[in-house]
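Everything on this sheet refers to the single structure shown next.
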Amino acid sequence: MEAHATGLRRILVLAFCVAGIWSAYIYQGVLQETLSTKRFGPNGERFEHLAFLNLAQNVVCLIWSFIMIKIWSNGESGGAPWRSYWSAGITNTIGPAMGIEALKYISYPAQVLAKSSKMIPVMLMGSLVYGIRYTFPEYLCTFLVAGGVSTFALLKTSSKTISKLAHPNAPLGYGLCFLNLAFDGFTNATQDSLKARYPKTSAWTIMLGMNLWGTIYNMIYMFGWPHGSGFEAVDFCRQYPEAAWDIFLYCCCGAVGQNFIFLTISRFGSLANTTITTTRKFASIVISSLLSGNPLSTKQWGCVFMVFSGLSYQIYLKWQKLQRLQKKRKAL
């Protein structure tokens, strides 16, 4: 009876995590797409300063992580010093800025699909630089994802979707997305290295360090000179409070979503988190197509399913590997 109650409790917590991640990041995606395509005021002005979203996100997450550390930390020391995040902070500032900037040139579904292909640069770097050999199923996953994204990019985008973009330019948009993935790869590797060197470093400490340096770099970039775009972004928000409210909600969604990701990883592991975030990306594309008026052709939907088939197969391979490791540990 007690085991049944414990199992039910885990299912409820997992359902809570799924609902939290999906709702926070799907709504954040809607807000991101709104800010990149919506026209404000009688003159139909666009919010052109999308890099300002990163600064606002850094500030909100910095405050949020500081509050969480004060609430949950037990005065433990031994975590990574804040200065050690400076290099990862650079790539974590440039990468997301490129991802958001891509929305000026390609649609939101195209951006989500391109950013789902993180395994491609990882495997390329692994095989070319480090000489890592991958299995046939791993190459098959990469082929499905790469083929789906490439075909989606080559197919003609609907005129309705193109009309919403600020500066339609598919090669530039996809190029920015893949540069975003490259910078993210360095950021993740640096975070893993810091975690290995300082095992007592908590998720909140990492979040605080990353967003502290991100705030510093973005403040310099946005306000470091008299004609920095940050001043124009602030003036735009003053002129159109609706845009300021959307930005605030966008940042809150990011902070809340981080909470649920940390909770999922701590309770169920990174594999469960990967599964939830992957399915969330697919749901984001569906919702964008239905609610935001970004119609996809039958061939484009085929590409979407091709990409997420590859991602799903990759998750299954990770699950199999995890099961084998658990059996070996039991045997020992």
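In the structure tokens, each chain is lettered A, B, ... as it comes, each chain's residues begin at 1, and ligands are numbered from 1 in order of appearance.
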Determine, using only C-alpha atoms, which residues of segment 44-110 of chain A have any atom at most 12 Å from an atom of segment 184-193 of chain A, and tabulate each with its shortest atom pair and distance in Å to one decimal place, rows ordered by chain and then rising number, as JSON lines.
```
{"residue": "A:Ala80", "atom": "CA", "partner": "A:Gln191", "partner_atom": "CA", "distance": 10.0}
{"residue": "A:Ser84", "atom": "CA", "partner": "A:Thr190", "partner_atom": "CA", "distance": 9.6}
{"residue": "A:Tyr85", "atom": "CA", "partner": "A:Gln191", "partner_atom": "CA", "distance": 8.2}
{"residue": "A:Trp86", "atom": "CA", "partner": "A:Thr190", "partner_atom": "CA", "distance": 10.3}
{"residue": "A:Ser87", "atom": "CA", "partner": "A:Thr190", "partner_atom": "CA", "distance": 8.1}
{"residue": "A:Ala88", "atom": "CA", "partner": "A:Thr187", "partner_atom": "CA", "distance": 4.9}
{"residue": "A:Gly89", "atom": "CA", "partner": "A:Thr187", "partner_atom": "CA", "distance": 7.6}
{"residue": "A:Ile90", "atom": "CA", "partner": "A:Thr187", "partner_atom": "CA", "distance": 8.6}
{"residue": "A:Thr91", "atom": "CA", "partner": "A:Thr187", "partner_atom": "CA", "distance": 6.0}
{"residue": "A:Asn92", "atom": "CA", "partner": "A:Thr187", "partner_atom": "CA", "distance": 6.1}
{"residue": "A:Thr93", "atom": "CA", "partner": "A:Asp184", "partner_atom": "CA", "distance": 9.7}
{"residue": "A:Ile94", "atom": "CA", "partner": "A:Asp184", "partner_atom": "CA", "distance": 9.2}
{"residue": "A:Gly95", "atom": "CA", "partner": "A:Asp184", "partner_atom": "CA", "distance": 6.1}
{"residue": "A:Pro96", "atom": "CA", "partner": "A:Asp184", "partner_atom": "CA", "distance": 8.1}
{"residue": "A:Ala97", "atom": "CA", "partner": "A:Asp184", "partner_atom": "CA", "distance": 11.2}
{"residue": "A:Met98", "atom": "CA", "partner": "A:Asp184", "partner_atom": "CA", "distance": 10.8}
{"residue": "A:Gly99", "atom": "CA", "partner": "A:Asp184", "partner_atom": "CA", "distance": 10.3}
```
task: Write out as a ChimeraX atom specification the residues lying within 9 Å of segment 284-299 of chain A, counting only C-alpha atoms and excluding same-chain residues fewer than 3 positions away.
output: /A:22,25-27,29-30,33-34,107-110,112-113,151-152,155-158,160-161,279-281,302-304
- request: Identify, on the basis of only C-alpha atoms, every residue whose closest approach to Tyr316 of chain A does not exceed 12 Å; exclude the query and any residue fewer than 3 positions from it along the same chain; express the result as a ChimeraX atom specification.
  value: /A:137-138,141,271-272,274-275,309-313,319-323
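For the pair atom CA of Ile265 of chain A and atom CA of Arg83 of chain A, the interatomic distance is 25.6 Å.
For the pair atom CA of Trp225 of chain A and atom CA of Arg238 of chain A, the interatomic distance is 20.3 Å.
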Non-local contacts of Ile63 of chain A (12 Å; only C-alpha atoms; under 6 positions in same chain excluded) as a VMD selection string: chain A and resid 56 to 57 69 to 70 204 to 205 207 to 209 211 to 212 215 251 to 252 255
Write the residues of the preceding selection, restricted to all heavy atoms, as a compact mmCIF listing (two decimals), in the first residue's frame.
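Written out: out.txt:
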```
# COMPACT_ATOMS: atom_id res chain seq x y z
N ALA A 56 16.71 41.56 -20.42
CA ALA A 56 15.59 41.49 -19.48
C ALA A 56 15.52 40.11 -18.83
O ALA A 56 15.30 39.98 -17.61
CB ALA A 56 14.29 41.81 -20.21
N GLN A 57 15.72 39.05 -19.63
CA GLN A 57 15.71 37.68 -19.11
C GLN A 57 16.83 37.47 -18.10
O GLN A 57 16.64 36.86 -17.04
CB GLN A 57 15.87 36.69 -20.26
CG GLN A 57 15.90 35.23 -19.85
CD GLN A 57 14.51 34.65 -19.67
OE1 GLN A 57 13.88 34.24 -20.63
NE2 GLN A 57 14.04 34.63 -18.45
N ILE A 69 18.40 31.05 -3.79
CA ILE A 69 19.56 30.68 -2.99
C ILE A 69 19.35 31.09 -1.53
O ILE A 69 19.66 30.33 -0.61
CB ILE A 69 20.84 31.32 -3.56
CG1 ILE A 69 21.23 30.63 -4.88
CG2 ILE A 69 22.00 31.24 -2.57
CD1 ILE A 69 22.35 31.32 -5.63
N LYS A 70 18.81 32.29 -1.33
CA LYS A 70 18.57 32.78 0.03
C LYS A 70 17.51 31.92 0.75
O LYS A 70 17.59 31.70 1.95
CB LYS A 70 18.12 34.24 0.00
CG LYS A 70 19.20 35.23 -0.38
CD LYS A 70 20.33 35.21 0.64
CE LYS A 70 21.42 36.21 0.30
NZ LYS A 70 22.55 36.14 1.26
N TRP A 204 21.06 26.56 -8.73
CA TRP A 204 20.77 27.98 -8.53
C TRP A 204 22.04 28.82 -8.61
O TRP A 204 22.02 29.95 -9.10
CB TRP A 204 20.09 28.20 -7.17
CG TRP A 204 18.77 27.53 -7.07
CD1 TRP A 204 18.38 26.56 -6.17
CD2 TRP A 204 17.62 27.76 -7.89
NE1 TRP A 204 17.10 26.18 -6.40
CE2 TRP A 204 16.60 26.90 -7.44
CE3 TRP A 204 17.37 28.60 -8.97
CZ2 TRP A 204 15.35 26.86 -8.03
CZ3 TRP A 204 16.11 28.56 -9.57
CH2 TRP A 204 15.12 27.70 -9.09
N THR A 205 23.17 28.26 -8.11
CA THR A 205 24.44 28.98 -8.17
C THR A 205 24.89 29.16 -9.61
O THR A 205 25.38 30.22 -10.00
CB THR A 205 25.53 28.22 -7.37
OG1 THR A 205 25.07 27.99 -6.05
CG2 THR A 205 26.81 29.01 -7.32
N MET A 207 22.89 29.21 -12.20
CA MET A 207 21.94 30.18 -12.78
C MET A 207 22.33 31.60 -12.39
O MET A 207 22.30 32.52 -13.23
CB MET A 207 20.53 29.85 -12.30
CG MET A 207 19.42 30.62 -12.99
SD MET A 207 17.79 30.04 -12.42
CE MET A 207 16.72 31.16 -13.30
N LEU A 208 22.74 31.79 -11.13
CA LEU A 208 23.14 33.12 -10.66
C LEU A 208 24.41 33.59 -11.38
O LEU A 208 24.46 34.72 -11.88
CB LEU A 208 23.39 33.08 -9.14
CG LEU A 208 23.82 34.41 -8.49
CD1 LEU A 208 22.65 35.38 -8.46
CD2 LEU A 208 24.35 34.18 -7.09
N GLY A 209 25.42 32.72 -11.45
CA GLY A 209 26.68 33.10 -12.10
C GLY A 209 26.52 33.41 -13.57
O GLY A 209 27.04 34.41 -14.07
N ASN A 211 23.78 34.33 -15.21
CA ASN A 211 22.96 35.52 -15.46
C ASN A 211 23.62 36.79 -14.95
O ASN A 211 23.34 37.88 -15.47
CB ASN A 211 21.58 35.34 -14.82
CG ASN A 211 20.70 34.41 -15.63
OD1 ASN A 211 20.25 34.74 -16.71
ND2 ASN A 211 20.49 33.21 -15.12
N LEU A 212 24.51 36.67 -13.96
CA LEU A 212 25.26 37.84 -13.51
C LEU A 212 26.16 38.35 -14.64
O LEU A 212 26.13 39.54 -14.98
CB LEU A 212 26.12 37.46 -12.28
CG LEU A 212 27.11 38.55 -11.82
CD1 LEU A 212 26.35 39.79 -11.35
CD2 LEU A 212 28.01 38.01 -10.70
N THR A 215 24.10 39.65 -17.58
CA THR A 215 23.60 41.01 -17.33
C THR A 215 24.69 42.04 -17.59
O THR A 215 24.44 43.08 -18.22
CB THR A 215 23.10 41.14 -15.87
OG1 THR A 215 22.03 40.21 -15.64
CG2 THR A 215 22.60 42.55 -15.59
N CYS A 251 10.01 37.01 -19.57
CA CYS A 251 11.08 36.76 -18.60
C CYS A 251 10.60 35.88 -17.45
O CYS A 251 11.32 34.97 -17.01
CB CYS A 251 11.62 38.08 -18.05
SG CYS A 251 12.38 39.12 -19.30
N CYS A 252 9.40 36.14 -16.97
CA CYS A 252 8.84 35.33 -15.87
C CYS A 252 8.67 33.88 -16.30
O CYS A 252 8.95 32.95 -15.51
CB CYS A 252 7.50 35.91 -15.41
SG CYS A 252 7.65 37.47 -14.52
N ALA A 255 12.05 32.16 -16.08
CA ALA A 255 12.46 31.88 -14.70
C ALA A 255 11.67 30.72 -14.11
O ALA A 255 12.22 29.82 -13.48
CB ALA A 255 12.28 33.14 -13.85
```
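Closest approach to Ile315 of chain A among A:Ile67, A:Ile276, A:Lys38, A:Ile21: A:Ile276, based on only C-alpha atoms.
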- request: Within 9 Å of Arg46 of chain A, counting only C-alpha atoms, which residues show up once you throw out same-chain ones fewer than 3 positions away? Write them as an MDAnalysis selection string, please.
  value: chainID A and resid 35:40 49 166
With all heavy atoms retained, could you export that selection as a short mmCIF file (atom, residue, chain, number, x, y, z; two decimals), in the first residue's frame?
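What ended up in selection.cif:
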```cif
data_model
loop_
_atom_site.label_atom_id
_atom_site.label_comp_id
_atom_site.auth_asym_id
_atom_site.auth_seq_id
_atom_site.Cartn_x
_atom_site.Cartn_y
_atom_site.Cartn_z
N LEU A 35 6.31 39.26 -30.02
CA LEU A 35 7.19 40.42 -29.98
C LEU A 35 7.98 40.59 -31.29
O LEU A 35 8.35 41.71 -31.65
CB LEU A 35 8.16 40.30 -28.80
CG LEU A 35 7.54 40.58 -27.43
CD1 LEU A 35 8.44 40.06 -26.32
CD2 LEU A 35 7.30 42.08 -27.24
N SER A 36 8.25 39.48 -31.98
CA SER A 36 9.04 39.58 -33.21
C SER A 36 8.19 39.89 -34.45
O SER A 36 8.72 40.33 -35.47
CB SER A 36 9.81 38.28 -33.44
OG SER A 36 8.93 37.20 -33.66
N THR A 37 6.88 39.67 -34.36
CA THR A 37 6.03 39.86 -35.55
C THR A 37 4.95 40.93 -35.37
O THR A 37 4.46 41.48 -36.36
CB THR A 37 5.34 38.54 -35.93
OG1 THR A 37 4.54 38.08 -34.83
CG2 THR A 37 6.36 37.47 -36.28
N LYS A 38 4.57 41.22 -34.13
CA LYS A 38 3.45 42.13 -33.89
C LYS A 38 3.80 43.57 -34.25
O LYS A 38 4.94 44.01 -34.12
CB LYS A 38 3.04 42.05 -32.41
CG LYS A 38 1.78 42.82 -32.06
CD LYS A 38 1.42 42.60 -30.60
CE LYS A 38 0.17 43.37 -30.21
NZ LYS A 38 -0.18 43.14 -28.80
N ARG A 39 2.79 44.30 -34.70
CA ARG A 39 2.95 45.73 -34.98
C ARG A 39 2.20 46.52 -33.91
O ARG A 39 1.03 46.25 -33.65
CB ARG A 39 2.42 46.08 -36.38
CG ARG A 39 3.24 45.42 -37.49
CD ARG A 39 2.75 45.81 -38.86
NE ARG A 39 3.52 45.18 -39.93
CZ ARG A 39 4.63 45.67 -40.43
NH1 ARG A 39 5.11 46.82 -39.97
NH2 ARG A 39 5.28 45.05 -41.40
N PHE A 40 2.90 47.50 -33.31
CA PHE A 40 2.34 48.26 -32.20
C PHE A 40 1.95 49.67 -32.64
O PHE A 40 2.63 50.28 -33.47
CB PHE A 40 3.36 48.37 -31.05
CG PHE A 40 3.71 47.05 -30.41
CD1 PHE A 40 4.76 46.28 -30.92
CD2 PHE A 40 3.02 46.58 -29.31
CE1 PHE A 40 5.09 45.06 -30.33
CE2 PHE A 40 3.34 45.37 -28.72
CZ PHE A 40 4.38 44.61 -29.23
N HIS A 49 14.25 45.54 -31.37
CA HIS A 49 15.39 45.35 -30.46
C HIS A 49 15.25 44.04 -29.71
O HIS A 49 15.14 44.00 -28.48
CB HIS A 49 15.49 46.54 -29.50
CG HIS A 49 15.24 47.86 -30.15
ND1 HIS A 49 16.14 48.43 -31.03
CD2 HIS A 49 14.17 48.70 -30.09
CE1 HIS A 49 15.65 49.58 -31.47
NE2 HIS A 49 14.45 49.75 -30.92
N ALA A 166 10.15 40.53 -40.29
CA ALA A 166 10.69 41.88 -40.44
C ALA A 166 11.60 41.96 -41.66
O ALA A 166 11.51 42.89 -42.46
CB ALA A 166 11.46 42.27 -39.18
#
```
message: Please list as a ChimeraX atom specification every residue within 12 Å of segment 231-234 of chain A, counting only C-alpha atoms and excluding residues in the same chain fewer than 3 positions away.
response: /A:46-53,55-56,219-228,237-241,243-244,247
For the residues in the current selection, export C-alpha atoms as a short mmCIF file (atom, residue, chain, number, x, y, z; two decimals), in the first residue's frame.
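Okay, this is what ended up in again-v1.cif:
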```cif
data_model
loop_
_atom_site.label_atom_id
_atom_site.label_comp_id
_atom_site.auth_asym_id
_atom_site.auth_seq_id
_atom_site.Cartn_x
_atom_site.Cartn_y
_atom_site.Cartn_z
CA ARG A 46 7.77 46.69 -34.85
CA PHE A 47 9.85 45.92 -31.76
CA GLU A 48 13.19 45.65 -33.57
CA HIS A 49 15.39 45.35 -30.46
CA LEU A 50 15.00 41.63 -29.84
CA ALA A 51 18.44 41.43 -28.14
CA PHE A 52 16.85 43.44 -25.30
CA LEU A 53 14.86 40.30 -24.42
CA LEU A 55 19.05 41.46 -21.06
CA ALA A 56 15.59 41.49 -19.48
CA MET A 219 24.30 46.05 -20.26
CA ILE A 220 27.60 46.99 -21.93
CA TYR A 221 26.28 45.96 -25.35
CA MET A 222 22.88 47.66 -24.99
CA PHE A 223 23.86 50.79 -23.02
CA GLY A 224 27.66 51.04 -23.36
CA TRP A 225 27.57 53.90 -25.84
CA PRO A 226 25.31 56.93 -26.45
CA HIS A 227 23.44 55.35 -29.36
CA GLY A 228 23.12 51.84 -27.91
CA CYS A 237 8.46 50.17 -23.96
CA ARG A 238 7.54 53.56 -22.52
CA GLN A 239 5.65 54.42 -25.69
CA TYR A 240 3.92 51.02 -25.88
CA PRO A 241 3.37 49.58 -22.35
CA ALA A 243 5.24 45.54 -25.31
CA ALA A 244 6.81 46.08 -21.87
CA ILE A 247 8.62 41.31 -22.19
#
```
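Distance annotation: of A:Met210, A:Tyr105, A:Ser229, A:Thr277, the residue with the minimal separation from Cys61 of chain A is A:Met210; atom set is only C-alpha atoms.
The residue that comes closest to Trp64 of chain A, out of A:Val256, A:Leu317, A:Leu165, A:Ile132 and on the basis of only C-alpha atoms, is A:Val256.
Proximity to Gln314 of chain A was assessed for A:Leu144, A:Cys253, A:Leu31, A:Leu263 counting only C-alpha atoms; the smallest distance is recorded for A:Leu144.
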Nearest to Val145 of chain A, chosen from A:Ser116, A:Gln111, A:Ser202, A:Gln300, with only C-alpha atoms counted in the distances: A:Ser116
